[in-house]
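Coordinates from coords-v4.cif are shown below (mmCIF, C-alpha atoms).
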```cif
data_input
loop_
_atom_site.label_atom_id
_atom_site.label_comp_id
_atom_site.auth_asym_id
_atom_site.auth_seq_id
_atom_site.Cartn_x
_atom_site.Cartn_y
_atom_site.Cartn_z
CA MET A 1 -53.84 12.77 -4.83
CA ALA A 2 -50.70 14.39 -6.17
CA LEU A 3 -47.65 12.16 -5.97
CA SER A 4 -45.22 12.53 -3.09
CA ARG A 5 -41.54 13.11 -3.85
CA ASP A 6 -40.93 9.41 -3.21
CA GLN A 7 -43.75 8.38 -5.52
CA ILE A 8 -42.32 10.54 -8.31
CA ALA A 9 -39.01 8.75 -7.78
CA GLN A 10 -40.78 5.39 -7.71
CA ARG A 11 -42.47 6.11 -11.05
CA VAL A 12 -39.17 7.19 -12.62
CA ALA A 13 -37.51 4.00 -11.39
CA ARG A 14 -39.89 1.97 -13.57
CA GLU A 15 -38.02 3.32 -16.60
CA ILE A 16 -34.77 1.73 -15.42
CA ARG A 17 -33.62 -1.43 -17.19
CA ASP A 18 -31.18 -4.11 -16.10
CA GLY A 19 -27.58 -3.10 -16.83
CA PHE A 20 -28.27 0.64 -17.08
CA TYR A 21 -25.70 3.30 -16.25
CA VAL A 22 -27.71 6.10 -14.64
CA ASN A 23 -26.95 9.68 -13.61
CA LEU A 24 -29.24 11.07 -10.91
CA GLY A 25 -29.41 14.78 -10.17
CA ILE A 26 -29.83 16.42 -6.78
CA GLY A 27 -33.22 16.34 -4.99
CA ILE A 28 -36.03 14.02 -6.12
CA PRO A 29 -33.79 12.31 -8.72
CA THR A 30 -31.48 11.12 -5.93
CA LEU A 31 -34.43 9.28 -4.36
CA VAL A 32 -34.76 7.13 -7.50
CA SER A 33 -31.84 5.01 -6.29
CA ASN A 34 -34.06 3.75 -3.44
CA TYR A 35 -36.50 2.19 -5.92
CA VAL A 36 -34.24 0.33 -8.35
CA PRO A 37 -35.91 -3.11 -8.74
CA GLU A 38 -34.01 -5.73 -6.77
CA ASP A 39 -33.62 -8.06 -9.72
CA MET A 40 -31.76 -5.42 -11.71
CA GLU A 41 -28.11 -4.43 -11.64
CA VAL A 42 -27.61 -0.70 -12.17
CA SER A 43 -24.55 1.54 -11.91
CA LEU A 44 -24.92 5.13 -10.72
CA GLN A 45 -22.72 7.79 -12.31
CA SER A 46 -21.66 10.85 -10.33
CA GLU A 47 -20.24 13.53 -12.59
CA ASN A 48 -17.33 14.42 -10.29
CA GLY A 49 -15.82 11.15 -11.48
CA LEU A 50 -17.42 8.04 -9.97
CA LEU A 51 -19.23 5.16 -11.63
CA GLY A 52 -20.73 2.64 -9.25
CA MET A 53 -21.73 5.02 -6.48
CA GLY A 54 -22.98 3.36 -3.30
CA PRO A 55 -25.11 4.59 -0.37
CA PHE A 56 -24.08 7.20 2.17
CA PRO A 57 -21.31 5.93 4.46
CA THR A 58 -21.77 4.91 8.07
CA GLU A 59 -20.04 7.21 10.56
CA ASP A 60 -17.03 4.85 10.52
CA GLU A 61 -16.80 4.75 6.74
CA ILE A 62 -16.72 8.50 6.09
CA ASP A 63 -13.90 9.47 3.73
CA ALA A 64 -13.34 13.12 2.80
CA ASP A 65 -11.86 12.00 -0.52
CA LEU A 66 -15.04 10.20 -1.56
CA ILE A 67 -17.96 12.46 -2.43
CA ASN A 68 -20.73 12.75 -5.00
CA ALA A 69 -21.61 15.61 -7.33
CA GLY A 70 -23.68 17.19 -4.53
CA LYS A 71 -20.48 17.25 -2.41
CA GLN A 72 -22.02 14.69 -0.05
CA THR A 73 -19.91 11.91 1.43
CA VAL A 74 -20.74 8.60 -0.28
CA THR A 75 -19.38 5.08 -0.74
CA PHE A 76 -18.76 3.00 -3.84
CA ASN A 77 -20.04 -0.43 -4.77
CA LYS A 78 -18.07 -3.46 -5.90
CA GLY A 79 -17.07 -2.98 -9.52
CA ALA A 80 -16.90 0.81 -9.25
CA SER A 81 -14.45 2.98 -11.18
CA ILE A 82 -13.08 6.44 -10.46
CA PHE A 83 -11.78 8.86 -13.06
CA SER A 84 -11.18 12.51 -13.89
CA SER A 85 -13.82 15.16 -14.54
CA ALA A 86 -12.77 15.29 -18.20
CA GLU A 87 -13.31 11.53 -18.50
CA SER A 88 -16.61 11.79 -16.65
CA PHE A 89 -18.00 14.36 -19.06
CA ALA A 90 -16.64 12.45 -22.03
CA MET A 91 -18.98 9.65 -20.92
CA ILE A 92 -21.84 12.07 -20.48
CA ARG A 93 -21.31 14.13 -23.62
CA GLY A 94 -20.53 11.03 -25.65
CA GLY A 95 -23.95 9.58 -24.88
CA HIS A 96 -22.68 6.58 -22.92
CA VAL A 97 -24.98 7.12 -19.93
CA ASP A 98 -28.25 5.19 -20.45
CA LEU A 99 -30.55 7.34 -18.32
CA THR A 100 -30.28 10.81 -16.82
CA VAL A 101 -32.79 12.06 -14.26
CA LEU A 102 -32.80 15.70 -13.26
CA GLY A 103 -35.03 18.45 -11.90
CA ALA A 104 -36.28 21.60 -13.63
CA PHE A 105 -37.93 24.95 -12.95
CA GLU A 106 -39.71 25.00 -16.31
CA LEU A 107 -40.20 22.84 -19.42
CA ASP A 108 -41.82 23.73 -22.69
CA VAL A 109 -43.49 22.01 -25.65
CA GLN A 110 -40.26 22.19 -27.70
CA GLY A 111 -38.42 20.10 -25.12
CA ASN A 112 -36.54 23.12 -23.81
CA ILE A 113 -35.54 23.05 -20.14
CA ALA A 114 -34.79 25.83 -17.65
CA SER A 115 -33.22 24.52 -14.46
CA TYR A 116 -30.25 26.55 -13.29
CA MET A 117 -30.98 30.22 -12.91
CA ILE A 118 -33.71 32.61 -11.80
CA PRO A 119 -32.81 36.19 -12.81
CA GLY A 120 -32.75 38.55 -9.86
CA LYS A 121 -31.78 35.77 -7.50
CA LEU A 122 -28.20 34.73 -6.94
CA ILE A 123 -26.59 33.06 -9.90
CA LYS A 124 -25.05 29.87 -8.61
CA GLY A 125 -24.16 28.25 -11.89
CA MET A 126 -25.20 25.36 -14.07
CA GLY A 127 -22.72 22.81 -12.72
CA GLY A 128 -22.95 19.79 -15.00
CA ALA A 129 -26.62 20.23 -15.97
CA MET A 130 -25.98 21.73 -19.42
CA ASP A 131 -23.62 18.90 -20.31
CA LEU A 132 -26.06 16.28 -19.03
CA VAL A 133 -29.02 17.54 -21.05
CA ALA A 134 -26.89 18.02 -24.17
CA GLY A 135 -25.26 14.60 -23.98
CA ALA A 136 -28.02 12.23 -22.94
CA ASP A 137 -30.62 10.82 -25.27
CA ASN A 138 -32.75 9.35 -22.52
CA ILE A 139 -33.59 12.04 -19.97
CA ILE A 140 -36.42 12.07 -17.46
CA VAL A 141 -37.23 15.36 -15.77
CA THR A 142 -38.84 15.34 -12.33
CA MET A 143 -40.64 18.47 -11.20
CA MET A 144 -43.76 19.96 -9.70
CA HIS A 145 -46.47 20.46 -12.33
CA ALA A 146 -47.30 23.94 -11.02
CA ASP A 147 -45.96 26.34 -8.40
CA ARG A 148 -47.59 26.98 -5.01
CA HIS A 149 -49.96 29.48 -6.59
CA GLY A 150 -51.09 27.01 -9.24
CA ASN A 151 -49.07 28.59 -12.06
CA SER A 152 -48.04 25.99 -14.60
CA LYS A 153 -44.39 25.06 -15.05
CA LEU A 154 -45.15 23.15 -18.26
CA LEU A 155 -45.23 25.97 -20.74
CA SER A 156 -45.62 26.87 -24.40
CA LYS A 157 -42.26 28.64 -24.04
CA CYS A 158 -39.84 28.72 -21.11
CA THR A 159 -39.49 32.16 -19.51
CA LEU A 160 -36.27 31.50 -17.53
CA PRO A 161 -32.75 31.18 -19.00
CA LEU A 162 -32.44 27.78 -20.68
CA THR A 163 -30.25 24.88 -19.64
CA GLY A 164 -30.75 23.16 -22.98
CA VAL A 165 -32.87 23.33 -26.12
CA GLY A 166 -35.00 20.57 -27.62
CA CYS A 167 -33.54 17.89 -25.38
CA ILE A 168 -36.35 16.73 -23.07
CA LYS A 169 -38.82 14.04 -24.11
CA LYS A 170 -40.14 12.68 -20.79
CA VAL A 171 -41.30 14.28 -17.55
CA VAL A 172 -42.76 12.92 -14.33
CA THR A 173 -44.54 15.58 -12.28
CA ASP A 174 -46.54 15.27 -9.07
CA LEU A 175 -49.67 15.03 -11.27
CA ALA A 176 -48.71 13.04 -14.34
CA TYR A 177 -46.26 11.28 -16.61
CA LEU A 178 -46.01 13.15 -19.91
CA GLU A 179 -43.99 12.89 -23.07
CA ILE A 180 -42.95 15.73 -25.37
CA SER A 181 -42.98 15.40 -29.15
CA GLU A 182 -43.97 17.42 -32.22
CA GLY A 183 -44.23 20.61 -30.19
CA LYS A 184 -46.78 19.27 -27.71
CA PHE A 185 -47.05 17.64 -24.32
CA HIS A 186 -48.73 14.22 -24.43
CA LEU A 187 -50.46 12.89 -21.32
CA ILE A 188 -49.45 9.26 -20.78
CA GLU A 189 -50.40 8.51 -17.15
CA ARG A 190 -51.96 10.46 -14.33
CA ALA A 191 -51.40 10.34 -10.58
CA PRO A 192 -54.00 8.29 -8.69
CA GLY A 193 -57.22 10.27 -8.27
CA VAL A 194 -55.99 13.27 -10.25
CA SER A 195 -58.47 14.29 -12.97
CA ILE A 196 -57.59 15.05 -16.56
CA GLU A 197 -59.30 18.41 -16.06
CA GLU A 198 -56.91 19.32 -13.25
CA ILE A 199 -53.90 18.34 -15.37
CA LEU A 200 -55.23 20.34 -18.32
CA SER A 201 -55.86 23.37 -16.12
CA LYS A 202 -52.30 23.24 -14.76
CA THR A 203 -50.58 22.69 -18.13
CA GLN A 204 -50.09 25.99 -19.93
CA GLY A 205 -48.39 24.47 -23.01
CA GLU A 206 -50.50 22.51 -25.50
CA LEU A 207 -51.42 19.14 -24.02
CA VAL A 208 -52.69 16.20 -26.06
CA VAL A 209 -55.01 13.83 -24.21
CA SER A 210 -55.66 10.85 -26.40
CA GLY A 211 -57.85 7.88 -25.39
CA ASP A 212 -58.04 6.52 -21.86
CA ILE A 213 -55.30 7.84 -19.59
CA PRO A 214 -54.44 5.20 -17.01
CA GLU A 215 -53.86 6.06 -13.34
CA MET A 216 -50.50 5.15 -11.88
CA THR A 217 -50.55 2.42 -9.27
CA PHE A 218 -48.18 2.11 -6.33
CA MET B 1 16.19 21.14 -8.66
CA SER B 2 18.24 18.82 -10.75
CA GLY B 3 17.45 16.57 -13.65
CA LEU B 4 13.96 15.15 -13.42
CA ASN B 5 13.65 15.78 -9.71
CA LYS B 6 10.78 18.28 -9.30
CA LEU B 7 10.92 18.61 -5.51
CA VAL B 8 11.19 22.16 -4.21
CA GLY B 9 12.29 23.12 -0.72
CA SER B 10 9.52 25.50 0.35
CA TYR B 11 6.04 26.72 -0.50
CA GLU B 12 7.55 30.09 -1.31
CA GLU B 13 9.67 28.41 -3.94
CA ALA B 14 6.67 26.38 -5.13
CA MET B 15 4.73 29.54 -6.05
CA HIS B 16 7.75 31.62 -7.08
CA GLY B 17 7.02 33.78 -10.11
CA LEU B 18 3.32 34.26 -9.41
CA GLU B 19 2.58 37.92 -10.02
CA ASP B 20 -0.40 40.27 -9.87
CA GLY B 21 -2.82 39.80 -12.74
CA MET B 22 -1.82 36.23 -13.55
CA SER B 23 -4.14 33.27 -14.16
CA ILE B 24 -4.28 30.06 -12.14
CA ILE B 25 -6.04 26.80 -12.93
CA ALA B 26 -6.87 24.94 -9.73
CA GLY B 27 -7.81 21.28 -9.31
CA GLY B 28 -10.49 20.10 -6.91
CA PHE B 29 -14.26 19.65 -6.77
CA GLY B 30 -15.96 21.44 -3.91
CA LEU B 31 -13.42 21.07 -1.09
CA CYS B 32 -12.41 17.59 -2.27
CA GLY B 33 -8.90 17.26 -3.67
CA ILE B 34 -8.04 20.96 -3.49
CA PRO B 35 -4.39 22.02 -3.15
CA GLU B 36 -4.93 23.45 0.33
CA ASN B 37 -1.35 24.40 1.08
CA LEU B 38 -0.68 26.03 -2.28
CA ILE B 39 -3.85 28.12 -1.86
CA ALA B 40 -2.62 29.12 1.61
CA GLU B 41 0.71 30.16 0.08
CA ILE B 42 -1.02 32.34 -2.52
CA ARG B 43 -2.89 33.97 0.33
CA ASN B 44 0.31 34.58 2.27
CA LYS B 45 1.97 35.95 -0.82
CA GLY B 46 -0.88 38.45 -1.22
CA THR B 47 -0.90 38.39 -5.03
CA LYS B 48 -3.81 40.44 -6.42
CA ASN B 49 -6.03 40.65 -9.51
CA LEU B 50 -5.88 36.94 -10.10
CA THR B 51 -8.02 35.07 -12.60
CA ILE B 52 -8.84 31.67 -11.16
CA ILE B 53 -10.18 28.80 -13.21
CA SER B 54 -11.70 26.25 -10.88
CA ASN B 55 -14.96 24.29 -10.85
CA ASN B 56 -15.94 25.87 -7.51
CA ALA B 57 -14.87 28.82 -5.39
CA GLY B 58 -14.45 27.09 -2.03
CA VAL B 59 -16.42 28.15 1.04
CA ASP B 60 -16.13 31.39 3.02
CA ASP B 61 -13.27 30.29 5.25
CA PHE B 62 -11.65 27.46 3.33
CA GLY B 63 -10.24 26.62 -0.06
CA LEU B 64 -10.31 29.34 -2.70
CA GLY B 65 -12.72 31.28 -0.46
CA LEU B 66 -9.59 32.32 1.49
CA LEU B 67 -8.37 34.30 -1.51
CA LEU B 68 -11.64 36.20 -1.64
CA GLN B 69 -11.19 37.40 1.94
CA ASP B 70 -8.31 39.67 0.95
CA ARG B 71 -9.86 40.48 -2.43
CA GLN B 72 -7.09 38.76 -4.35
CA VAL B 73 -9.37 37.47 -7.08
CA LYS B 74 -10.52 39.58 -10.03
CA LYS B 75 -12.28 36.86 -11.96
CA MET B 76 -13.48 33.29 -11.44
CA VAL B 77 -14.17 30.85 -14.27
CA SER B 78 -16.35 28.19 -12.62
CA SER B 79 -19.39 25.98 -13.13
CA TYR B 80 -20.92 26.31 -9.68
CA VAL B 81 -20.31 28.92 -7.01
CA GLY B 82 -23.30 28.40 -4.74
CA GLU B 83 -21.47 27.54 -1.53
CA ASN B 84 -19.83 30.86 -0.83
CA LYS B 85 -21.48 33.93 0.78
CA LEU B 86 -18.39 36.08 0.38
CA PHE B 87 -18.38 35.27 -3.30
CA GLU B 88 -21.99 36.42 -3.55
CA ALA B 89 -21.24 39.69 -1.76
CA GLN B 90 -18.22 40.52 -3.93
CA LEU B 91 -20.16 39.65 -7.07
CA LEU B 92 -22.97 42.01 -6.10
CA GLU B 93 -20.49 44.75 -5.20
CA GLY B 94 -18.97 44.37 -8.65
CA ILE B 95 -15.43 43.73 -7.42
CA LEU B 96 -15.48 40.16 -8.66
CA GLU B 97 -16.32 38.88 -12.13
CA VAL B 98 -17.57 35.37 -12.82
CA GLU B 99 -17.64 33.49 -16.08
CA LEU B 100 -20.04 30.61 -15.57
CA THR B 101 -18.95 27.64 -17.65
CA PRO B 102 -20.67 24.25 -17.86
CA GLN B 103 -18.72 21.70 -15.86
CA GLY B 104 -17.96 19.36 -18.74
CA THR B 105 -17.00 22.26 -20.98
CA LEU B 106 -14.68 23.55 -18.25
CA ALA B 107 -12.98 20.16 -17.97
CA GLU B 108 -12.68 19.88 -21.75
CA LYS B 109 -11.30 23.44 -22.01
CA MET B 110 -8.50 22.39 -19.67
CA ARG B 111 -7.99 19.07 -21.45
CA ALA B 112 -7.83 20.75 -24.85
CA GLY B 113 -5.56 23.50 -23.51
CA GLY B 114 -3.11 20.97 -22.15
CA ALA B 115 -3.31 18.93 -25.36
CA GLY B 116 -2.55 21.82 -27.70
CA ILE B 117 -6.06 22.12 -29.14
CA PRO B 118 -7.14 25.78 -29.31
CA ALA B 119 -10.91 25.24 -29.50
CA PHE B 120 -13.57 22.56 -29.93
CA TYR B 121 -17.23 22.23 -30.83
CA THR B 122 -19.67 20.99 -28.20
CA ALA B 123 -23.45 20.71 -28.07
CA THR B 124 -23.34 21.73 -24.41
CA GLY B 125 -24.87 25.17 -23.97
CA TYR B 126 -26.18 25.56 -27.51
CA GLY B 127 -29.17 27.91 -27.49
CA THR B 128 -28.44 29.09 -23.92
CA GLU B 129 -26.75 32.17 -22.46
CA VAL B 130 -23.46 30.26 -22.58
CA ALA B 131 -23.62 30.38 -26.39
CA VAL B 132 -23.95 34.16 -26.63
CA GLY B 133 -21.23 35.57 -28.90
CA LYS B 134 -19.84 32.13 -29.81
CA GLU B 135 -19.59 30.61 -33.27
CA THR B 136 -22.07 27.84 -33.99
CA ARG B 137 -21.97 25.05 -36.51
CA GLN B 138 -24.20 22.18 -37.50
CA TYR B 139 -22.87 18.64 -37.83
CA GLY B 140 -25.46 16.07 -38.88
CA ASP B 141 -28.73 17.17 -37.32
CA ARG B 142 -27.22 18.75 -34.21
CA ASN B 143 -25.96 22.21 -33.43
CA TYR B 144 -22.71 22.93 -31.64
CA ILE B 145 -20.91 25.94 -30.22
CA LEU B 146 -17.22 26.69 -30.49
CA GLU B 147 -15.51 26.79 -27.11
CA GLU B 148 -11.94 27.98 -26.70
CA SER B 149 -9.50 25.98 -24.62
CA ILE B 150 -7.82 27.26 -21.46
CA THR B 151 -4.25 27.36 -20.29
CA ALA B 152 -2.97 29.46 -17.40
CA ASP B 153 0.23 30.93 -16.01
CA PHE B 154 0.05 28.42 -13.16
CA ALA B 155 -1.82 25.20 -12.49
CA ILE B 156 -2.07 24.08 -8.87
CA VAL B 157 -3.06 20.51 -8.12
CA LYS B 158 -3.24 18.08 -5.23
CA ALA B 159 -2.10 14.44 -5.51
CA TRP B 160 -2.13 11.57 -3.07
CA LYS B 161 1.18 9.92 -3.94
CA ALA B 162 3.82 11.32 -6.23
CA ASP B 163 7.36 10.27 -6.96
CA LEU B 164 10.16 12.82 -7.21
CA HIS B 165 9.67 13.03 -10.98
CA GLY B 166 6.08 14.20 -10.45
CA ASN B 167 4.44 10.97 -11.57
CA ALA B 168 1.29 11.05 -9.50
CA ILE B 169 -1.72 9.08 -8.30
CA TYR B 170 -4.87 10.66 -6.92
CA ARG B 171 -7.01 9.15 -4.20
CA MET B 172 -10.73 8.32 -4.68
CA THR B 173 -12.81 11.21 -6.06
CA ALA B 174 -10.10 13.67 -5.01
CA GLN B 175 -8.91 13.02 -8.56
CA ASN B 176 -11.70 15.11 -10.21
CA PHE B 177 -10.21 18.08 -12.11
CA ASN B 178 -6.64 17.54 -10.86
CA PRO B 179 -5.07 15.43 -13.62
CA THR B 180 -6.61 17.60 -16.32
CA ALA B 181 -5.66 20.84 -14.59
CA ALA B 182 -2.10 19.55 -14.28
CA THR B 183 -1.73 19.47 -18.07
CA ALA B 184 -2.80 23.08 -18.63
CA GLY B 185 -0.41 25.21 -16.59
CA LYS B 186 2.62 26.98 -18.02
CA ILE B 187 4.01 26.14 -14.61
CA THR B 188 2.28 23.22 -12.88
CA VAL B 189 2.77 22.95 -9.15
CA MET B 190 1.73 19.79 -7.35
CA GLU B 191 1.32 19.25 -3.65
CA ALA B 192 1.23 15.59 -2.67
CA GLU B 193 0.35 13.92 0.61
CA HIS B 194 3.11 11.39 0.13
CA ILE B 195 6.30 11.74 -1.89
CA VAL B 196 8.24 8.62 -2.79
CA GLU B 197 11.38 7.70 -4.73
CA PRO B 198 11.12 7.07 -8.50
CA GLY B 199 10.43 3.38 -9.04
CA GLU B 200 8.14 3.00 -6.05
CA LEU B 201 4.94 3.62 -8.03
CA ASP B 202 3.63 1.20 -10.65
CA PRO B 203 4.11 3.05 -13.98
CA ALA B 204 0.86 1.62 -15.34
CA GLN B 205 -1.15 3.08 -12.44
CA ILE B 206 0.05 6.67 -12.85
CA HIS B 207 -2.74 9.23 -13.40
CA THR B 208 -0.48 12.21 -14.10
CA PRO B 209 2.82 11.52 -15.88
CA GLY B 210 5.62 13.63 -14.45
CA ILE B 211 6.16 15.47 -17.73
CA TYR B 212 3.28 17.78 -16.79
CA VAL B 213 4.67 18.66 -13.37
CA ASN B 214 7.25 21.42 -12.88
CA ARG B 215 7.36 21.69 -9.10
CA LEU B 216 6.49 19.24 -6.37
CA ILE B 217 6.06 19.72 -2.65
CA GLN B 218 4.77 17.65 0.25
CA GLY B 219 1.59 18.86 1.93
CA ASP B 220 -0.63 17.52 4.71
CA SER B 221 -4.27 18.24 4.10
CA GLU B 222 -7.04 19.11 6.51
CA LYS B 223 -9.57 17.63 4.04
CA ARG B 224 -12.59 19.50 5.29
CA ILE B 225 -15.95 17.87 4.44
CA GLU B 226 -18.60 20.07 2.86
CA GLN B 227 -21.68 17.84 3.22
CA ARG B 228 -21.29 15.19 5.87
CA THR B 229 -23.97 12.64 5.01
CA THR B 230 -24.24 9.26 6.68
CA ARG B 231 -26.54 6.29 7.10
CA GLU B 232 -27.17 4.23 10.22
CA ALA B 233 -24.71 1.42 10.67
CA PRO B 234 -26.45 -1.91 10.10
CA GLU B 235 -27.03 -3.81 13.35
CA LYS B 236 -24.54 -6.55 13.97
CA SER B 237 -26.13 -9.97 14.16
#
```
Structure rendered as structure tokens:
Amino acid sequence: MALSRDQIAQRVAREIRDGFYVNLGIGIPTLVSNYVPEDMEVSLQSENGLLGMGPFPTEDEIDADLINAGKQTVTFNKGASIFSSAESFAMIRGGHVDLTVLGAFELDVQGNIASYMIPGKLIKGMGGAMDLVAGADNIIVTMMHADRHGNSKLLSKCTLPLTGVGCIKKVVTDLAYLEISEGKFHLIERAPGVSIEEILSKTQGELVVSGDIPEMTF
Amino acid sequence: MSGLNKLVGSYEEAMHGLEDGMSIIAGGFGLCGIPENLIAEIRNKGTKNLTIISNNAGVDDFGLGLLLQDRQVKKMVSSYVGENKLFEAQLLEGILEVELTPQGTLAEKMRAGGAGIPAFYTATGYGTEVAVGKETRQYGDRNYILEESITADFAIVKAWKADLHGNAIYRMTAQNFNPTAATAGKITVMEAEHIVEPGELDPAQIHTPGIYVNRLIQGDSEKRIEQRTTREAPEKS
């Protein structure tokens, strides 16, 4: 069975360590915050200028002056700090954020990522995504392995405009956890009940399958 | 105006000198912390062919979106413009230009502009469409692109509390681009929810020192919420 959105988030959360500062993108990455192990203390960074982001507010707590990078109303946790956009991206660009999780349209074997623009459709902009992929050393991409028609999104070369070059080393898809190095995808784990053949058939870029590939457990 | 007192008497006076074809840096992120009343004044004034440097372009009927309604904007320099249908229409019609700029690069362009630094190297955007036509340089094993800083004829920002000298504090994440934008205007105009006497704010808590602020005016904000997201209140035991 392919992983659900929540299971992808759950798998990503296993990469979190105690004391991490983490930036979560919009969509599946946001769900990762629901699976932070209870014995760990983690601080969420929101690039509009908030470190220590909390859950959505209750109706009574809503504050128009307190939002996240997705423009959603949020709260902050004890020990939070708030700062300017310039300061926020200094943290990001300066490599101070321990883990960044974001989505993508396409990835390729060189660690290139395309995530912000599909030509012919409306150009909305890259927001902070280019800064995040350029600044972080530890990035996990979450995405679907293939589109609805079965076309691979893990490619030998990205076809869409790039968000960053040579910056992605880890990806969790609905089918597998893979790493990228030396110009190849490497299969590390597979979703429960998903065969290596299926993953191979849906990975257009070169994929190395070495030894036994364990199934994820949930 | 006298001495260090930046208070002006009207919004008309606050935006005095803004002319067709000028550039404006605006603080705010989404609809959070935008200088609502100064934007309204620019709309009333009817100034055209403006270049606006702002992370976002507002929504159709609020924020900078209001300036699109009367086609006052020639060009937007922004990182994300996805919330605005009018923007989309004017872009497709070719009456509006957009220069998409990564959010961190946009913030740093303003910071550098205000700090007297003409350009800087950043890894952000290297190898992407953002890098087209820009100088590149390698430091260590990484590649960087040269980005030029930004200043503008006007900067418009929104503070929470300011004293008459323009020393200002922002509230929550309404800070965002505001303090950086405030440094990069030839004329910086600040609207503040609360204006107090000098001495009432703790000098060590000031986000924007008054030296950056040329004109100050009080403004009540509607503070429209773009994405109202909530959770259930926990049951009281």
Notebook entry, point to check: What is the distance between atom CA of B:Lys74 and atom CA of B:Thr188, in Å to one decimal?
Noted result: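 Atom-to-atom, atom CA of B:Lys74 to atom CA of B:Thr188, that is 21.0 Å.
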Could you list, as a short mmCIF file (atom, residue, chain, number, x, y, z; two decimals) with C-alpha atoms, in the coordinates of the input, every residue matched by the PyMOL selection byres ((chain A) within 7 of (chain B)) in this structure?
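The result, written out as result09.cif:
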```cif
data_model
loop_
_atom_site.label_atom_id
_atom_site.label_comp_id
_atom_site.auth_asym_id
_atom_site.auth_seq_id
_atom_site.Cartn_x
_atom_site.Cartn_y
_atom_site.Cartn_z
CA ASN A 48 -17.33 14.42 -10.29
CA GLY A 49 -15.82 11.15 -11.48
CA LEU A 50 -17.42 8.04 -9.97
CA PHE A 56 -24.08 7.20 2.17
CA PRO A 57 -21.31 5.93 4.46
CA THR A 58 -21.77 4.91 8.07
CA GLU A 59 -20.04 7.21 10.56
CA ALA A 64 -13.34 13.12 2.80
CA ASP A 65 -11.86 12.00 -0.52
CA LEU A 66 -15.04 10.20 -1.56
CA ILE A 67 -17.96 12.46 -2.43
CA LYS A 71 -20.48 17.25 -2.41
CA GLN A 72 -22.02 14.69 -0.05
CA THR A 73 -19.91 11.91 1.43
CA ILE A 82 -13.08 6.44 -10.46
CA PHE A 83 -11.78 8.86 -13.06
CA SER A 84 -11.18 12.51 -13.89
CA SER A 85 -13.82 15.16 -14.54
CA ALA A 86 -12.77 15.29 -18.20
CA PHE A 89 -18.00 14.36 -19.06
CA LYS A 124 -25.05 29.87 -8.61
CA GLY A 125 -24.16 28.25 -11.89
CA MET A 126 -25.20 25.36 -14.07
CA GLY A 127 -22.72 22.81 -12.72
CA GLY A 128 -22.95 19.79 -15.00
CA MET A 130 -25.98 21.73 -19.42
CA ASP A 131 -23.62 18.90 -20.31
CA ALA A 134 -26.89 18.02 -24.17
CA PRO A 161 -32.75 31.18 -19.00
CA LEU A 162 -32.44 27.78 -20.68
CA THR A 163 -30.25 24.88 -19.64
CA GLY A 164 -30.75 23.16 -22.98
CA VAL A 165 -32.87 23.33 -26.12
#
```
Checklist line | stretch 105-120 of chain A surroundings by only C-alpha atoms, 8 Å radius, close-in-sequence under 5 positions cut, as a list in words | finding: Gly125, Met126, Ala129, Met143, Lys153, Leu154, Leu155, Ser156, Lys157, Cys158, Thr159, Leu160, Pro161, Leu162, Thr163, Gly164, Val165, Gly166, Cys167, Ile168, Lys169, Ile180, Ser181, Glu182, Gly183, Lys184, Phe185, Gly205 and Glu206 of chain A
Item checked: Nearest to B:Thr51, chosen from B:Leu96, B:Gly63, B:Gln90, B:Val8, with only C-alpha atoms counted in the distances ->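 Closest to B:Thr51 of all the choices is B:Leu96.
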Next item on the list: May I have the residues within 12 Å of B:Ala204 as a ChimeraX atom specification, using only C-alpha atoms and disregarding those fewer than 5 positions away in the same chain?
Entry: /B:167-169,199,209
Selection above as a file: C-alpha atoms, as a compact mmCIF listing (two decimals), keeping the file's coordinate frame:
```txt
# COMPACT_ATOMS: atom_id res chain seq x y z
CA ASN B 167 4.44 10.97 -11.57
CA ALA B 168 1.29 11.05 -9.50
CA ILE B 169 -1.72 9.08 -8.30
CA GLY B 199 10.43 3.38 -9.04
CA PRO B 209 2.82 11.52 -15.88
```
Notebook entry, point to check: Between atom CA of B:His194 and atom CA of B:Ile150, what is the spacing in Å?
Noted result: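 Interatomic distance here is 28.9 Å.
Put simply, atom CA of B:Ser10 is 26.2 Å away from atom CA of B:Gly114.
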Next item on the list: Evaluate the PyMOL selection byres ((chain B and resi 192) around 10) and record the selected residues as a PyMOL selection string, following the chain and residue labels used in the document.
Entry: chain B and resi 35+37+157-163+166+168-170+189-191+193-196+216-221
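The residue set within 6 Å of A:Ala191, counting all atoms listed in the file and dropping same-chain residues fewer than 4 places from it, reads Leu175, Ala176, Glu215 and Met216 of chain A.
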For the PyMOL selection byres ((chain B and resi 50) around 7), applied here, can you spell out every residue it catches as a compact mmCIF listing (two decimals) with C-alpha atoms, keeping the file's coordinate frame?
```txt
# COMPACT_ATOMS: atom_id res chain seq x y z
CA ASP B 20 -0.40 40.27 -9.87
CA GLY B 21 -2.82 39.80 -12.74
CA MET B 22 -1.82 36.23 -13.55
CA SER B 23 -4.14 33.27 -14.16
CA LYS B 48 -3.81 40.44 -6.42
CA ASN B 49 -6.03 40.65 -9.51
CA THR B 51 -8.02 35.07 -12.60
CA ILE B 52 -8.84 31.67 -11.16
CA GLN B 72 -7.09 38.76 -4.35
CA VAL B 73 -9.37 37.47 -7.08
CA LYS B 74 -10.52 39.58 -10.03
CA LYS B 75 -12.28 36.86 -11.96
```
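Distances here use only C-alpha atoms; by that measure, the residue among A:Met91, A:Asn77, A:His96, A:Ile8 closest to A:Phe20 is A:His96.
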